[in-house]
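Chemist: Here you go, one structure.
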Amino acid sequence: MTDDANAARAPSGTHDVLWPESTRWETLLALFAAQVERAGYGLAHTPIFEEVKVFRRGIGTGSDVVGKEMYEFEDRGGRMLALRPEGTAPLVRAFVQHRPALPWKAWYATPAFRYERPQAGRYRQHHQLGVEALGPADPDLDVEVVSLADGALRSVGLTDIVLKLNSMGDALCRPAYVERLRAYLAERRDALCDEHAQRLESNPLRVLDCKRPQCRQATDAAPRLVEVLCDPCAAHFARVRRGLEALGVPYRLDHRLVRGFDYYSRTTFEFASGALDAAQNGVGGGGRYDGLVEMLGGPPTPGIGFGIGIERLLLACDAEQVFAVDPPRLDAFVVDVTGGDVARDVTWRLRQAGLRADRAFDGRSMKSQLKAADRSGAAVALLVGPQEVSTRTVIVKPLRGGGDQRPVPVAEVVEAVRAARPTAGGPEGPPPTRRDVP
């Protein structure tokens, strides 16, 4: 392929989201925003790139994300920057910088960047929805965050979803467990995959998360962190479990769930889709990160959050055949063969009244414009010819559901179009928008 041809294609590992597919994204964002804002979360935006140390300190240099996948570059001022690989560390950096009042509850929708082999629903530039809550150490906040994630997934119709839950303890009880796990794995080094046999000393927890059969078999009888939690961590985890059970949020304990970032402590969770291939079925997850604010230079401040991958979520929806969103239909399409002045004015009048309206351009024929009106999905066509111009009227022609066409005065065209709109929520009505979501 020539360089010119490559220039006309999206870079490897990225993809375009065009209309009408983007309607689905808009609807998802509206549903998510409505849900989390009812719980007191507000939208936050942070830069796409940050100082590299934001991620090296927070995620950890031993993680695959920092060690292998992060896009790093030196800018013209000599600063080492990185494209955001995930959503939590940037929001915590913003908290440290601006110190909003506690508790601070924020949600985000953002692109994230990782140089990895593209997978189903995971691109080198992918997109995440998430929330972060800082301030309380209360396990009931964990319950709120997990239940919000569960509700977000189920709001789009997903049912084949498993919530996996674990506790990673804290700085008091986890170090002793890590040493115990390291000793256990050292006796089985030869049974591990090459990657984790080499990384055993630096990060033994990651062996638990390995999907390769030899590592899975070697760790079947490994010691479990939940069995050696200190009393405060055990009490915290018990409260989280009781809270989820009280709210009817089903979960499964998973001792392998250790997540990939250094900042996690205590509660960790992940949602897997049973409708997707097991190797690529994670649609979202998160956990508590009570030391991350301190890592980034702030005062001791507990926190918890989650992230959901939009592309992977929509793949799960496709697999379950749910959340099929049609693009919003027009209320009216103006057909004008008199030069376009009336089309310009009537279209503007309809839009100012909050109606969806479009028209043709370039002086196309009546036949061509009517075809465009039909393709648009509009409820009615508004026909304007020389007679209508002379009488200051338009012809209202129903395009959906039958009915006779009739003339109406231009001054009454808004009311006529509103009267012809499909019943709200009917088969031809528009999908929910931010204003429509309950």
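Residues are referred to by chain and number: the chain letter is A, B, ... according to the order shown in the structure tokens, the number counts from 1 in that chain, and ligands are numbered separately from 1 in the order shown.
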Residues at most 12 Å from Pro398 of chain A, counting only C-alpha atoms, excluding those fewer than 5 positions away in the same chain, as a ChimeraX atom specification?

Modeler: /A:331-333,370,373-374,377-383,403-407,416-417,419-422

Chemist: Residues of segment 162-266 of chain A that approach segment 126-148 of chain A to 12 Å or less, counting only C-alpha atoms: could you list each one with the shortest pair of atoms and its distance in Å to one decimal, rows by chain and increasing residue number, as CSV?

Modeler:
```
residue,atom,partner,partner_atom,distance
A:Leu163,CA,A:Val146,CA,9.0
A:Lys164,CA,A:Val146,CA,10.6
A:Leu165,CA,A:Val146,CA,9.7
A:Ser167,CA,A:Asp142,CA,11.5
A:Pro232,CA,A:Pro139,CA,11.0
A:Cys233,CA,A:Pro139,CA,10.0
A:Ala234,CA,A:Pro139,CA,11.1
A:Ala235,CA,A:Pro139,CA,9.1
A:His236,CA,A:Pro139,CA,5.8
A:Phe237,CA,A:Pro139,CA,7.4
A:Ala238,CA,A:Pro139,CA,8.9
A:Arg239,CA,A:Pro139,CA,6.2
A:Val240,CA,A:Pro139,CA,5.6
A:Arg241,CA,A:Val143,CA,8.0
A:Arg242,CA,A:Val143,CA,9.0
A:Gly243,CA,A:Val143,CA,5.9
A:Leu244,CA,A:Val143,CA,6.0
A:Glu245,CA,A:Val143,CA,9.6
A:Ala246,CA,A:Val143,CA,9.9
A:Leu247,CA,A:Ser147,CA,8.0
A:Gly248,CA,A:Ser147,CA,9.2
A:Val249,CA,A:Ser147,CA,6.7
A:Pro250,CA,A:Ser147,CA,9.8
A:Tyr251,CA,A:Val146,CA,10.2
A:Ser265,CA,A:Ala137,CA,11.4
A:Arg266,CA,A:Pro139,CA,9.7
```

Chemist: Go ahead and write the residues just picked, N, CA and C atoms, as a PDB file, in the first residue's frame.

Modeler:
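The result, written out as result-v1.pdb:
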```pdb
ATOM      1  N   LEU A 163     -20.111 -10.330  38.144  1.00  0.00           N
ATOM      2  CA  LEU A 163     -19.302  -9.421  38.949  1.00  0.00           C
ATOM      3  C   LEU A 163     -18.354 -10.258  39.796  1.00  0.00           C
ATOM      4  N   LYS A 164     -17.055 -10.090  39.572  1.00  0.00           N
ATOM      5  CA  LYS A 164     -16.036 -10.783  40.362  1.00  0.00           C
ATOM      6  C   LYS A 164     -15.499  -9.818  41.413  1.00  0.00           C
ATOM      7  N   LEU A 165     -15.343 -10.310  42.626  1.00  0.00           N
ATOM      8  CA  LEU A 165     -15.018  -9.456  43.772  1.00  0.00           C
ATOM      9  C   LEU A 165     -13.864 -10.058  44.555  1.00  0.00           C
ATOM     10  N   SER A 167     -10.567  -8.768  47.717  1.00  0.00           N
ATOM     11  CA  SER A 167      -9.907  -7.732  48.503  1.00  0.00           C
ATOM     12  C   SER A 167      -8.407  -7.923  48.380  1.00  0.00           C
ATOM     13  N   PRO A 232      -9.025  -5.035  60.283  1.00  0.00           N
ATOM     14  CA  PRO A 232      -9.743  -3.920  59.646  1.00  0.00           C
ATOM     15  C   PRO A 232     -10.110  -4.208  58.189  1.00  0.00           C
ATOM     16  N   CYS A 233      -9.204  -4.837  57.418  1.00  0.00           N
ATOM     17  CA  CYS A 233      -9.505  -5.142  56.023  1.00  0.00           C
ATOM     18  C   CYS A 233     -10.590  -6.206  55.919  1.00  0.00           C
ATOM     19  N   ALA A 234     -10.538  -7.195  56.815  1.00  0.00           N
ATOM     20  CA  ALA A 234     -11.561  -8.240  56.805  1.00  0.00           C
ATOM     21  C   ALA A 234     -12.931  -7.651  57.130  1.00  0.00           C
ATOM     22  N   ALA A 235     -12.986  -6.748  58.103  1.00  0.00           N
ATOM     23  CA  ALA A 235     -14.265  -6.118  58.453  1.00  0.00           C
ATOM     24  C   ALA A 235     -14.781  -5.249  57.303  1.00  0.00           C
ATOM     25  N   HIS A 236     -13.875  -4.539  56.648  1.00  0.00           N
ATOM     26  CA  HIS A 236     -14.252  -3.706  55.502  1.00  0.00           C
ATOM     27  C   HIS A 236     -14.850  -4.566  54.389  1.00  0.00           C
ATOM     28  N   PHE A 237     -14.193  -5.661  54.082  1.00  0.00           N
ATOM     29  CA  PHE A 237     -14.654  -6.521  52.996  1.00  0.00           C
ATOM     30  C   PHE A 237     -15.982  -7.180  53.348  1.00  0.00           C
ATOM     31  N   ALA A 238     -16.143  -7.566  54.597  1.00  0.00           N
ATOM     32  CA  ALA A 238     -17.411  -8.174  55.016  1.00  0.00           C
ATOM     33  C   ALA A 238     -18.564  -7.179  54.867  1.00  0.00           C
ATOM     34  N   ARG A 239     -18.311  -5.922  55.204  1.00  0.00           N
ATOM     35  CA  ARG A 239     -19.353  -4.896  55.070  1.00  0.00           C
ATOM     36  C   ARG A 239     -19.706  -4.682  53.593  1.00  0.00           C
ATOM     37  N   VAL A 240     -18.701  -4.684  52.731  1.00  0.00           N
ATOM     38  CA  VAL A 240     -18.966  -4.535  51.301  1.00  0.00           C
ATOM     39  C   VAL A 240     -19.840  -5.680  50.805  1.00  0.00           C
ATOM     40  N   ARG A 241     -19.513  -6.884  51.181  1.00  0.00           N
ATOM     41  CA  ARG A 241     -20.290  -8.046  50.732  1.00  0.00           C
ATOM     42  C   ARG A 241     -21.728  -7.975  51.239  1.00  0.00           C
ATOM     43  N   ARG A 242     -21.884  -7.619  52.512  1.00  0.00           N
ATOM     44  CA  ARG A 242     -23.249  -7.514  53.046  1.00  0.00           C
ATOM     45  C   ARG A 242     -24.046  -6.438  52.320  1.00  0.00           C
ATOM     46  N   GLY A 243     -23.394  -5.327  51.986  1.00  0.00           N
ATOM     47  CA  GLY A 243     -24.081  -4.243  51.297  1.00  0.00           C
ATOM     48  C   GLY A 243     -24.542  -4.648  49.907  1.00  0.00           C
ATOM     49  N   LEU A 244     -23.681  -5.325  49.154  1.00  0.00           N
ATOM     50  CA  LEU A 244     -24.066  -5.776  47.822  1.00  0.00           C
ATOM     51  C   LEU A 244     -25.210  -6.779  47.894  1.00  0.00           C
ATOM     52  N   GLU A 245     -25.142  -7.664  48.876  1.00  0.00           N
ATOM     53  CA  GLU A 245     -26.221  -8.635  49.036  1.00  0.00           C
ATOM     54  C   GLU A 245     -27.530  -7.950  49.405  1.00  0.00           C
ATOM     55  N   ALA A 246     -27.464  -6.922  50.237  1.00  0.00           N
ATOM     56  CA  ALA A 246     -28.673  -6.193  50.622  1.00  0.00           C
ATOM     57  C   ALA A 246     -29.298  -5.482  49.431  1.00  0.00           C
ATOM     58  N   LEU A 247     -28.471  -5.004  48.502  1.00  0.00           N
ATOM     59  CA  LEU A 247     -28.980  -4.303  47.319  1.00  0.00           C
ATOM     60  C   LEU A 247     -29.333  -5.249  46.178  1.00  0.00           C
ATOM     61  N   GLY A 248     -29.104  -6.543  46.371  1.00  0.00           N
ATOM     62  CA  GLY A 248     -29.422  -7.502  45.321  1.00  0.00           C
ATOM     63  C   GLY A 248     -28.456  -7.482  44.156  1.00  0.00           C
ATOM     64  N   VAL A 249     -27.203  -7.103  44.423  1.00  0.00           N
ATOM     65  CA  VAL A 249     -26.178  -7.103  43.375  1.00  0.00           C
ATOM     66  C   VAL A 249     -25.409  -8.416  43.481  1.00  0.00           C
ATOM     67  N   PRO A 250     -25.599  -9.348  42.548  1.00  0.00           N
ATOM     68  CA  PRO A 250     -24.923 -10.647  42.663  1.00  0.00           C
ATOM     69  C   PRO A 250     -23.433 -10.524  42.374  1.00  0.00           C
ATOM     70  N   TYR A 251     -22.632 -11.332  43.060  1.00  0.00           N
ATOM     71  CA  TYR A 251     -21.194 -11.302  42.842  1.00  0.00           C
ATOM     72  C   TYR A 251     -20.626 -12.698  43.067  1.00  0.00           C
ATOM     73  N   SER A 265      -6.043  -1.086  46.586  1.00  0.00           N
ATOM     74  CA  SER A 265      -6.014  -1.630  47.932  1.00  0.00           C
ATOM     75  C   SER A 265      -7.432  -2.034  48.308  1.00  0.00           C
ATOM     76  N   ARG A 266      -7.532  -2.962  49.212  1.00  0.00           N
ATOM     77  CA  ARG A 266      -8.830  -3.458  49.673  1.00  0.00           C
ATOM     78  C   ARG A 266      -9.734  -3.870  48.504  1.00  0.00           C
TER      79      ARG A 266
END
```

Chemist: Rounded to one decimal, what separation in Å do you get between atom CA of Arg392 of chain A and atom CA of Lys367 of chain A?

Modeler: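 So the answer is 22.3 Å.
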
Chemist: I need the residue nearest Arg312 of chain A from this list: A:Arg199, A:Arg122, A:Arg356, A:His255. Use only C-alpha atoms for the distance.

Modeler: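 Smallest distance to Arg312 of chain A is found for A:Arg122.
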
Chemist: For each of A:Asn281, A:Ser12, A:Ser376, A:Gln217, take the minimum atom-to-atom distance to Arg124 of chain A, counting only C-alpha atoms, then give the residue where this is smallest.

Modeler: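 Counting only C-alpha atoms, the residue closest to Arg124 of chain A is A:Ser12.
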
Chemist: As a PDB file with N, CA and C atoms, in the first residue's frame, please: the residues near segment 282-286 of chain A (cut-off 7 Å, only C-alpha atoms, same-chain neighbours under 6 positions excluded).

Modeler:
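Output contents, as saved in result-v2.pdb:
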```
ATOM      1  N   THR A 268     -11.464  -4.801  45.260  1.00  0.00           N
ATOM      2  CA  THR A 268     -11.253  -4.784  43.818  1.00  0.00           C
ATOM      3  C   THR A 268     -12.398  -5.558  43.175  1.00  0.00           C
ATOM      4  N   PHE A 269     -12.774  -5.174  41.966  1.00  0.00           N
ATOM      5  CA  PHE A 269     -13.896  -5.838  41.307  1.00  0.00           C
ATOM      6  C   PHE A 269     -13.747  -5.731  39.799  1.00  0.00           C
ATOM      7  N   GLU A 270     -14.406  -6.646  39.115  1.00  0.00           N
ATOM      8  CA  GLU A 270     -14.358  -6.674  37.657  1.00  0.00           C
ATOM      9  C   GLU A 270     -15.638  -7.307  37.134  1.00  0.00           C
ATOM     10  N   PHE A 271     -16.134  -6.780  36.015  1.00  0.00           N
ATOM     11  CA  PHE A 271     -17.315  -7.328  35.362  1.00  0.00           C
ATOM     12  C   PHE A 271     -16.889  -8.052  34.093  1.00  0.00           C
ATOM     13  N   ALA A 272     -17.348  -9.291  33.941  1.00  0.00           N
ATOM     14  CA  ALA A 272     -17.044 -10.095  32.765  1.00  0.00           C
ATOM     15  C   ALA A 272     -18.333 -10.454  32.051  1.00  0.00           C
ATOM     16  N   SER A 273     -18.278 -10.427  30.730  1.00  0.00           N
ATOM     17  CA  SER A 273     -19.436 -10.787  29.912  1.00  0.00           C
ATOM     18  C   SER A 273     -19.340 -12.254  29.514  1.00  0.00           C
ATOM     19  N   GLY A 305     -13.066   3.869  42.600  1.00  0.00           N
ATOM     20  CA  GLY A 305     -13.686   4.200  41.318  1.00  0.00           C
ATOM     21  C   GLY A 305     -13.749   2.989  40.415  1.00  0.00           C
ATOM     22  N   PHE A 306     -14.274   3.206  39.222  1.00  0.00           N
ATOM     23  CA  PHE A 306     -14.306   2.145  38.217  1.00  0.00           C
ATOM     24  C   PHE A 306     -14.217   2.755  36.837  1.00  0.00           C
ATOM     25  N   GLY A 307     -13.851   1.910  35.865  1.00  0.00           N
ATOM     26  CA  GLY A 307     -13.845   2.294  34.457  1.00  0.00           C
ATOM     27  C   GLY A 307     -14.530   1.212  33.642  1.00  0.00           C
ATOM     28  N   ILE A 308     -15.276   1.630  32.618  1.00  0.00           N
ATOM     29  CA  ILE A 308     -15.966   0.715  31.709  1.00  0.00           C
ATOM     30  C   ILE A 308     -15.497   1.032  30.298  1.00  0.00           C
ATOM     31  N   GLY A 309     -15.050   0.029  29.558  1.00  0.00           N
ATOM     32  CA  GLY A 309     -14.635   0.233  28.181  1.00  0.00           C
ATOM     33  C   GLY A 309     -15.849   0.300  27.266  1.00  0.00           C
ATOM     34  N   ARG A 312     -15.823  -2.376  24.308  1.00  0.00           N
ATOM     35  CA  ARG A 312     -16.054  -3.735  24.783  1.00  0.00           C
ATOM     36  C   ARG A 312     -17.495  -3.883  25.269  1.00  0.00           C
ATOM     37  N   LEU A 313     -18.024  -2.857  25.917  1.00  0.00           N
ATOM     38  CA  LEU A 313     -19.414  -2.886  26.363  1.00  0.00           C
ATOM     39  C   LEU A 313     -20.370  -3.054  25.186  1.00  0.00           C
TER      40      LEU A 313
END
```

Chemist: Excluding segment 340-349 of chain A and its own-chain neighbours fewer than 2 positions away, which residues fall within 8 Å of it when counting only C-alpha atoms? Please give them as a ChimeraX atom specification.

Modeler: /A:334-338,351-353,357-359,361,363,384,389,410,414

Chemist: Within 9 Å of Glu86 of chain A, counting only C-alpha atoms, which residues qualify if same-chain residues fewer than 5 places away don't, as JSON, numbers by chain?

Modeler: {"A": [55, 110, 111, 112, 113, 114, 128, 307]}

Chemist: Can you tell me which residues surround segment 19-33 of chain A at a distance of at most 6 Å, considering only C-alpha atoms, apart from same-chain residues fewer than 2 positions away, and format the answer as a ChimeraX atom specification?

Modeler: /A:17,35-37,325,327,434

Chemist: Among segment 237-348 of chain A, which ones does DSSP place in strand (DSSP E or B), written as JSON, numbers by chain?

Modeler: {"A": [252, 253, 265, 266, 267, 268, 269, 270, 271, 272, 273, 282, 283, 284, 285, 286, 287, 288, 303, 304, 305, 306, 307, 308, 309, 332, 333, 334, 335, 336]}

Chemist: Which one of A:Ala171, A:Ala222, A:Cys317, A:Ala411 sits closest to Tyr264 of chain A if you count only C-alpha atoms?

Modeler: A:Ala171
